[in-house]
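Participant: Quick one: the structure is below, and I'll ask about it shortly.
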Amino acid sequence: MKIVDAKVIVCCPGRNFVTLKIVTDDGVTGVGDATLNGRELAVASYLRDHLCPLLIGRDPRRIEDLWQYFYKGAYWRRGPVTMSAIAAVDMALWDIKGKHAGMPLYQLLGGASREHVMVYCHATGRDIAETLDTFEQHRAEGFKAIRAQCGVPGMKSVYGVAKGNAAYEPATKDWPEEQSWSTEKYLDFAPKLFAAVRAKFGFDIHLLHDVHHRLTPIEAARLGKSVEDCRLFWIEDPTPAENQDAFRLIRQHTVTPIAVGEVFNTLWDCKQLIEEQLIDYIRTTVTHAGGITHLRRIADFAAIYQVRTGCHGPSDLSPVSMGAALHFDLWVPNFGLQEYMGYPAPALEVFPHAWTFHDGTMHPGEVPGHGVDIDEALAARYPYERAYLPVARLEDGTLWNW
Ligand code: EZ4
Ligand code: CO
């Protein structure tokens, strides 16, 4: 059995996605997601120019060996571009293996550990009243866990707040948006938002919040400590995580659970955070952290330290990634929660999928492989459009962490 074709499809059905499609000599195909928001073409080139030529003629069943070949064999290891490209190969090969076996991917991993996968969505608004309204809408849709983000008085634009009635989407066409940030205004306001959610909805629903790397460790400690009574499911990315030591300081001060890792690419990015139990949920994804093969290694390591998974599930990972994530989630013994932001309607048409949503939970379906495909003819009708994530500056113009 041999790989006879490996092609990269870049399309923009509402937003940009990079998809790898691998074809075998017996006509079986597999797809993988390689989308890296705002840097899509770098991964497309890594695949097209460097990995795809090496795939031709290889045995698609040797998933582990191909993973090692592309990771160790490149000499240059890690990084989001490399690991997203390796992930796409890995995801496509697991898809092919599932089709050959006639089994859904979760069965190959060891079978279901639960009946379905709890997912969380986003409530967003320009002020507290609006955020409470969207929180209520999502609760009515059945969600059991909801993330709350809100405009902050005195700040023009804030991470996680949608413009108008559109779903929240951070990337903007052509040029990065510049946002401003005031830690003082945010820290004064955020506890009021959580208190308002608890006052209106009580404690019978999971409440989450994303700080999006904006605080220093001591500021993050103060936030966590000041909202303990609101019993958040987690606060996410309270401070940048390049320096994993930083989380020791936060941990000394607060029992508010912490989720980190959506920008991580390998186990090495989260090793200390997990080993020292400095976090409660690891947010690495099947796309940005090297595919099923590497993500399950991270999860197994995390399990030893009672750290659970909380995979990032933004609209900027394609429905292919969502499918692979849901198979992983259904199997992984130390599952915590899966993010589900949803997709623009054209994206759901371009990527026919077996996964389903019901009453705040999702299921990957029973189709062999990961159950997501790409309609290439339809994808061709949505060509790539250059887009960037925003940048953040302090009020005096200093560049800050977005
Ligand atoms: O900013 O996916 O928790 N979710 C997030 C996302 C990220 C985007 C970046 O591409 O932090 O909204
Ligand atoms: Co986040």
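Ordered as shown in the structure tokens, chains take letters A, B, and onward, while each chain numbers its residues from 1 and ligands are numbered from 1 in the order shown.
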Show me which residues are within 10 Å of ligand 2 counting only C-alpha atoms and all ligand atoms, and format the list as a ChimeraX atom specification.
Facilitator: /A:159-160,209-213,235-238,259-263,283,311-314,339
Participant: Looking only at the backbone, which of the residues in segment 7-203 of chain A does DSSP tag as alpha helix (DSSP H), as a PyMOL selection string?
Facilitator: chain A and resi 40-45+52-55+63-71+80-101+105-109+128-141+183-201
Participant: Report the residues of segment 204-389 of chain A whose backbone DSSP state falls under strand (DSSP E or B), written as a list of chain:residue names.
Facilitator: A:His206, A:Leu207, A:Leu208, A:His209, A:Asp210, A:Trp234, A:Ile235, A:Glu236, A:Ile258, A:Ala259, A:Val260, A:Tyr281, A:Ile282, A:Arg308, A:Thr309, A:Phe335, A:Gln338, A:Glu339, A:His353, A:Thr356, A:Phe357, A:His358, A:Thr361, A:Met362, A:His363, A:Gly369, A:Val372, A:Ala387, A:Tyr388
Participant: Expressed in Å to a single decimal, how great is the separation between atom CA of Pro170 of chain A and atom CA of Arg296 of chain A?
Facilitator: 28.6 Å
Participant: When you draw a straight line from atom CA of Gly342 of chain A to atom CA of Gly38 of chain A, how long is it in Å?
Facilitator: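 Distance between the two atoms: 18.6 Å.
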Participant: Near Ile96 of chain A, counting only C-alpha atoms, which residues have an atom at most 7 Å away, once you skip same-chain residues fewer than 6 positions from it, shown as a list in words?
Facilitator: Val28, Thr29, Gly30 and Gly369 of chain A
Participant: Write a file of the selected residues as an mmCIF file, in the first residue's frame, keeping C-alpha atoms.
Facilitator:
```cif
data_model
loop_
_atom_site.group_PDB
_atom_site.id
_atom_site.type_symbol
_atom_site.label_atom_id
_atom_site.label_comp_id
_atom_site.auth_asym_id
_atom_site.auth_seq_id
_atom_site.Cartn_x
_atom_site.Cartn_y
_atom_site.Cartn_z
ATOM 1 C CA VAL A 28 -8.709 5.638 -0.101
ATOM 2 C CA THR A 29 -8.312 9.284 0.896
ATOM 3 C CA GLY A 30 -7.680 11.041 4.204
ATOM 4 C CA GLY A 369 -11.964 7.484 9.900
#
```
Participant: I'd like the contact shell of His253 of chain A - 10 Å cut-off, only C-alpha atoms, skipping same-chain residues fewer than 2 positions apart - returned as a PyMOL selection string.
Facilitator: chain A and resi 218+220-225+248-251+255-256
Participant: Could you tell me how far atom CA of Tyr186 of chain A sits from atom CA of Gly125 of chain A, in Å to one decimal place?
Facilitator: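 Interatomic distance, atom CA of Gly125 of chain A to atom CA of Tyr186 of chain A: 14.7 Å.
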Participant: Return the single residue from A:Trp355, A:Tyr305, A:Trp234, A:Trp402 that is closest to ligand 1, with distances computed using only C-alpha atoms and all ligand atoms.
Facilitator: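 With only C-alpha atoms and all ligand atoms as the atom set, the closest residue is A:Trp402.
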Participant: Could you pull the residues within 10 Å of Asn334 of chain A, counting only C-alpha atoms, minus those fewer than 2 positions along the same chain, as a ChimeraX atom specification?
Facilitator: /A:113,281,299-300,302-304,306-310,329,331-332,336-337
Participant: Filtering to all heavy atoms, could you give me those residues as a compact mmCIF listing (two decimals), in the first residue's frame?
Facilitator:
```
# COMPACT_ATOMS: atom_id res chain seq x y z
N SER A 113 -14.73 6.41 26.07
CA SER A 113 -14.65 6.45 27.53
C SER A 113 -15.89 7.13 28.13
O SER A 113 -16.02 7.22 29.35
CB SER A 113 -13.41 7.23 27.98
OG SER A 113 -12.24 6.58 27.56
N TYR A 281 -6.14 22.36 33.31
CA TYR A 281 -6.58 21.91 31.99
C TYR A 281 -5.53 22.28 30.95
O TYR A 281 -5.01 23.39 30.97
CB TYR A 281 -7.93 22.58 31.61
CG TYR A 281 -9.03 22.20 32.56
CD1 TYR A 281 -9.29 22.99 33.68
CD2 TYR A 281 -9.78 21.05 32.37
CE1 TYR A 281 -10.29 22.64 34.58
CE2 TYR A 281 -10.78 20.69 33.27
CZ TYR A 281 -11.02 21.49 34.36
OH TYR A 281 -12.01 21.13 35.25
N ALA A 299 -1.67 14.11 26.56
CA ALA A 299 -2.78 13.76 27.46
C ALA A 299 -2.39 12.67 28.44
O ALA A 299 -2.75 12.70 29.62
CB ALA A 299 -4.00 13.34 26.64
N ASP A 300 -1.64 11.68 27.97
CA ASP A 300 -1.20 10.60 28.86
C ASP A 300 -0.27 11.14 29.95
O ASP A 300 -0.36 10.75 31.11
CB ASP A 300 -0.50 9.49 28.07
CG ASP A 300 -1.49 8.58 27.35
OD1 ASP A 300 -2.69 8.59 27.73
OD2 ASP A 300 -1.08 7.87 26.42
N ALA A 302 -0.27 14.25 31.05
CA ALA A 302 -1.11 15.09 31.92
C ALA A 302 -1.91 14.23 32.91
O ALA A 302 -2.11 14.63 34.07
CB ALA A 302 -2.05 15.94 31.07
N ALA A 303 -2.33 13.06 32.47
CA ALA A 303 -3.18 12.21 33.32
C ALA A 303 -2.47 11.82 34.61
O ALA A 303 -3.09 11.72 35.67
CB ALA A 303 -3.59 10.95 32.54
N ILE A 304 -1.17 11.63 34.52
CA ILE A 304 -0.38 11.24 35.70
C ILE A 304 -0.49 12.29 36.80
O ILE A 304 -0.45 11.99 37.98
CB ILE A 304 1.11 11.05 35.31
CG1 ILE A 304 1.26 9.94 34.29
CG2 ILE A 304 1.98 10.79 36.54
CD1 ILE A 304 2.65 9.89 33.68
N GLN A 306 -3.11 14.44 37.13
CA GLN A 306 -4.52 14.83 37.27
C GLN A 306 -4.85 16.14 36.55
O GLN A 306 -5.72 16.90 36.97
CB GLN A 306 -4.92 14.90 38.74
CG GLN A 306 -4.77 13.55 39.42
CD GLN A 306 -5.28 13.55 40.84
OE1 GLN A 306 -6.30 14.16 41.14
NE2 GLN A 306 -4.58 12.87 41.72
N VAL A 307 -4.13 16.40 35.48
CA VAL A 307 -4.47 17.52 34.60
C VAL A 307 -5.37 16.96 33.50
O VAL A 307 -5.07 15.91 32.94
CB VAL A 307 -3.20 18.17 33.99
CG1 VAL A 307 -3.56 19.21 32.94
CG2 VAL A 307 -2.36 18.80 35.11
N ARG A 308 -6.49 17.65 33.24
CA ARG A 308 -7.43 17.16 32.25
C ARG A 308 -7.34 17.97 30.95
O ARG A 308 -6.79 19.07 30.92
CB ARG A 308 -8.85 17.19 32.82
CG ARG A 308 -8.99 16.17 33.94
CD ARG A 308 -10.42 16.03 34.39
NE ARG A 308 -10.82 17.13 35.25
CZ ARG A 308 -12.08 17.38 35.59
NH1 ARG A 308 -13.06 16.63 35.11
NH2 ARG A 308 -12.36 18.37 36.40
N THR A 309 -7.92 17.43 29.88
CA THR A 309 -7.86 18.12 28.59
C THR A 309 -8.96 19.17 28.50
O THR A 309 -10.05 19.00 29.06
CB THR A 309 -8.04 17.14 27.42
OG1 THR A 309 -9.36 16.57 27.50
CG2 THR A 309 -7.00 16.03 27.45
N GLY A 310 -8.65 20.25 27.81
CA GLY A 310 -9.64 21.30 27.55
C GLY A 310 -9.33 21.90 26.20
O GLY A 310 -8.98 23.08 26.09
N ASP A 329 -11.49 13.27 22.09
CA ASP A 329 -12.21 13.59 23.33
C ASP A 329 -13.06 12.42 23.83
O ASP A 329 -13.19 12.21 25.04
CB ASP A 329 -13.16 14.78 23.12
CG ASP A 329 -12.44 16.09 22.83
OD1 ASP A 329 -11.28 16.25 23.23
OD2 ASP A 329 -13.07 16.97 22.20
N TRP A 331 -12.50 9.36 23.45
CA TRP A 331 -11.61 8.31 23.99
C TRP A 331 -10.85 8.75 25.24
O TRP A 331 -10.76 8.01 26.21
CB TRP A 331 -10.59 7.87 22.92
CG TRP A 331 -9.39 7.26 23.54
CD1 TRP A 331 -9.31 6.01 24.11
CD2 TRP A 331 -8.10 7.86 23.75
NE1 TRP A 331 -8.04 5.81 24.64
CE2 TRP A 331 -7.29 6.92 24.43
CE3 TRP A 331 -7.55 9.11 23.41
CZ2 TRP A 331 -5.97 7.20 24.79
CZ3 TRP A 331 -6.24 9.38 23.77
CH2 TRP A 331 -5.46 8.43 24.45
N VAL A 332 -10.28 9.96 25.24
CA VAL A 332 -9.23 10.29 26.21
C VAL A 332 -9.75 10.13 27.65
O VAL A 332 -10.78 10.70 28.02
CB VAL A 332 -8.65 11.71 25.95
CG1 VAL A 332 -9.63 12.83 26.28
CG2 VAL A 332 -7.34 11.90 26.70
N GLY A 336 -11.63 16.79 29.98
CA GLY A 336 -12.24 17.82 30.81
C GLY A 336 -13.39 18.51 30.10
O GLY A 336 -14.56 18.41 30.50
N LEU A 337 -13.09 19.18 29.00
CA LEU A 337 -14.09 19.97 28.29
C LEU A 337 -13.52 20.27 26.89
O LEU A 337 -12.30 20.31 26.72
CB LEU A 337 -14.31 21.29 29.05
CG LEU A 337 -15.44 22.23 28.63
CD1 LEU A 337 -16.79 21.54 28.72
CD2 LEU A 337 -15.45 23.48 29.52
```
Participant: Nearest to ligand 1: which of A:Phe189, A:Tyr69, A:Phe264, A:Trp94 is it, counting only C-alpha atoms and all ligand atoms?
Facilitator: A:Phe264
Participant: Restricting the calculation to only C-alpha atoms, which member of A:Gln107, A:Gln137, A:Thr284, A:Asn401 is positioned closest to Pro240 of chain A?
Facilitator: A:Asn401
Participant: Neighbouring residues of Gly371 of chain A were defined as those with any atom within 12 Å, considering only C-alpha atoms; residues of the same chain fewer than 6 positions away were excluded. Please report them as a count of residues only.
Facilitator: 34
Participant: List the neighbours of Phe201 of chain A out to 12 Å using only C-alpha atoms; skip same-chain residues closer than 5 positions along the sequence, and give me the result as a list in words.
Facilitator: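 Those residues are Leu132, Asp133, Phe135, Glu136, Arg139, Ala140, Lys144, Ala145, Ile146, Phe194, Ala195, Ala196, His206, Leu207 and Cys230 of chain A.
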Participant: With N, CA, C and O atoms kept, could you save the residues just selected as a PDB file, in the first residue's frame?
Facilitator:
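Result went into again_2.pdb, see below:
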```pdb
ATOM      1  N   LEU A 132     -25.147  38.897  29.182  1.00  0.00           N
ATOM      2  CA  LEU A 132     -26.145  38.053  29.851  1.00  0.00           C
ATOM      3  C   LEU A 132     -27.192  37.561  28.846  1.00  0.00           C
ATOM      4  O   LEU A 132     -27.648  36.417  28.932  1.00  0.00           O
ATOM      5  N   ASP A 133     -27.539  38.410  27.882  1.00  0.00           N
ATOM      6  CA  ASP A 133     -28.506  37.996  26.850  1.00  0.00           C
ATOM      7  C   ASP A 133     -27.963  36.831  26.015  1.00  0.00           C
ATOM      8  O   ASP A 133     -28.680  35.852  25.769  1.00  0.00           O
ATOM      9  N   PHE A 135     -25.591  34.802  26.845  1.00  0.00           N
ATOM     10  CA  PHE A 135     -25.452  33.668  27.772  1.00  0.00           C
ATOM     11  C   PHE A 135     -26.785  32.918  27.843  1.00  0.00           C
ATOM     12  O   PHE A 135     -26.840  31.685  27.741  1.00  0.00           O
ATOM     13  N   GLU A 136     -27.853  33.673  27.980  1.00  0.00           N
ATOM     14  CA  GLU A 136     -29.200  33.075  28.067  1.00  0.00           C
ATOM     15  C   GLU A 136     -29.553  32.320  26.773  1.00  0.00           C
ATOM     16  O   GLU A 136     -30.094  31.212  26.816  1.00  0.00           O
ATOM     17  N   ARG A 139     -27.658  29.093  26.753  1.00  0.00           N
ATOM     18  CA  ARG A 139     -28.221  28.178  27.742  1.00  0.00           C
ATOM     19  C   ARG A 139     -29.485  27.518  27.169  1.00  0.00           C
ATOM     20  O   ARG A 139     -29.701  26.318  27.309  1.00  0.00           O
ATOM     21  N   ALA A 140     -30.290  28.336  26.467  1.00  0.00           N
ATOM     22  CA  ALA A 140     -31.512  27.800  25.855  1.00  0.00           C
ATOM     23  C   ALA A 140     -31.184  26.796  24.744  1.00  0.00           C
ATOM     24  O   ALA A 140     -31.952  25.866  24.484  1.00  0.00           O
ATOM     25  N   LYS A 144     -24.076  23.460  28.534  1.00  0.00           N
ATOM     26  CA  LYS A 144     -23.911  23.276  29.981  1.00  0.00           C
ATOM     27  C   LYS A 144     -22.685  24.031  30.497  1.00  0.00           C
ATOM     28  O   LYS A 144     -22.427  24.053  31.701  1.00  0.00           O
ATOM     29  N   ALA A 145     -21.920  24.592  29.567  1.00  0.00           N
ATOM     30  CA  ALA A 145     -20.711  25.332  29.915  1.00  0.00           C
ATOM     31  C   ALA A 145     -20.586  26.489  28.934  1.00  0.00           C
ATOM     32  O   ALA A 145     -20.690  26.283  27.718  1.00  0.00           O
ATOM     33  N   ILE A 146     -20.391  27.697  29.466  1.00  0.00           N
ATOM     34  CA  ILE A 146     -20.367  28.883  28.607  1.00  0.00           C
ATOM     35  C   ILE A 146     -19.257  29.827  29.075  1.00  0.00           C
ATOM     36  O   ILE A 146     -19.108  30.081  30.270  1.00  0.00           O
ATOM     37  N   PHE A 194     -18.561  38.424  36.233  1.00  0.00           N
ATOM     38  CA  PHE A 194     -18.798  37.059  36.748  1.00  0.00           C
ATOM     39  C   PHE A 194     -19.885  37.074  37.825  1.00  0.00           C
ATOM     40  O   PHE A 194     -20.722  36.166  37.888  1.00  0.00           O
ATOM     41  N   ALA A 195     -19.871  38.107  38.670  1.00  0.00           N
ATOM     42  CA  ALA A 195     -20.891  38.218  39.716  1.00  0.00           C
ATOM     43  C   ALA A 195     -22.278  38.340  39.093  1.00  0.00           C
ATOM     44  O   ALA A 195     -23.251  37.725  39.562  1.00  0.00           O
ATOM     45  N   ALA A 196     -22.364  39.109  37.992  1.00  0.00           N
ATOM     46  CA  ALA A 196     -23.661  39.298  37.332  1.00  0.00           C
ATOM     47  C   ALA A 196     -24.158  37.979  36.731  1.00  0.00           C
ATOM     48  O   ALA A 196     -25.349  37.660  36.790  1.00  0.00           O
ATOM     49  N   HIS A 206     -21.629  25.745  34.028  1.00  0.00           N
ATOM     50  CA  HIS A 206     -20.192  26.051  34.113  1.00  0.00           C
ATOM     51  C   HIS A 206     -19.904  27.406  33.469  1.00  0.00           C
ATOM     52  O   HIS A 206     -20.326  27.654  32.340  1.00  0.00           O
ATOM     53  N   LEU A 207     -19.151  28.230  34.188  1.00  0.00           N
ATOM     54  CA  LEU A 207     -18.772  29.571  33.709  1.00  0.00           C
ATOM     55  C   LEU A 207     -17.265  29.594  33.473  1.00  0.00           C
ATOM     56  O   LEU A 207     -16.486  29.202  34.347  1.00  0.00           O
ATOM     57  N   CYS A 230     -17.137  33.118  42.734  1.00  0.00           N
ATOM     58  CA  CYS A 230     -17.929  32.878  41.513  1.00  0.00           C
ATOM     59  C   CYS A 230     -17.683  31.472  40.966  1.00  0.00           C
ATOM     60  O   CYS A 230     -18.362  31.031  40.040  1.00  0.00           O
TER      61      CYS A 230
END
```
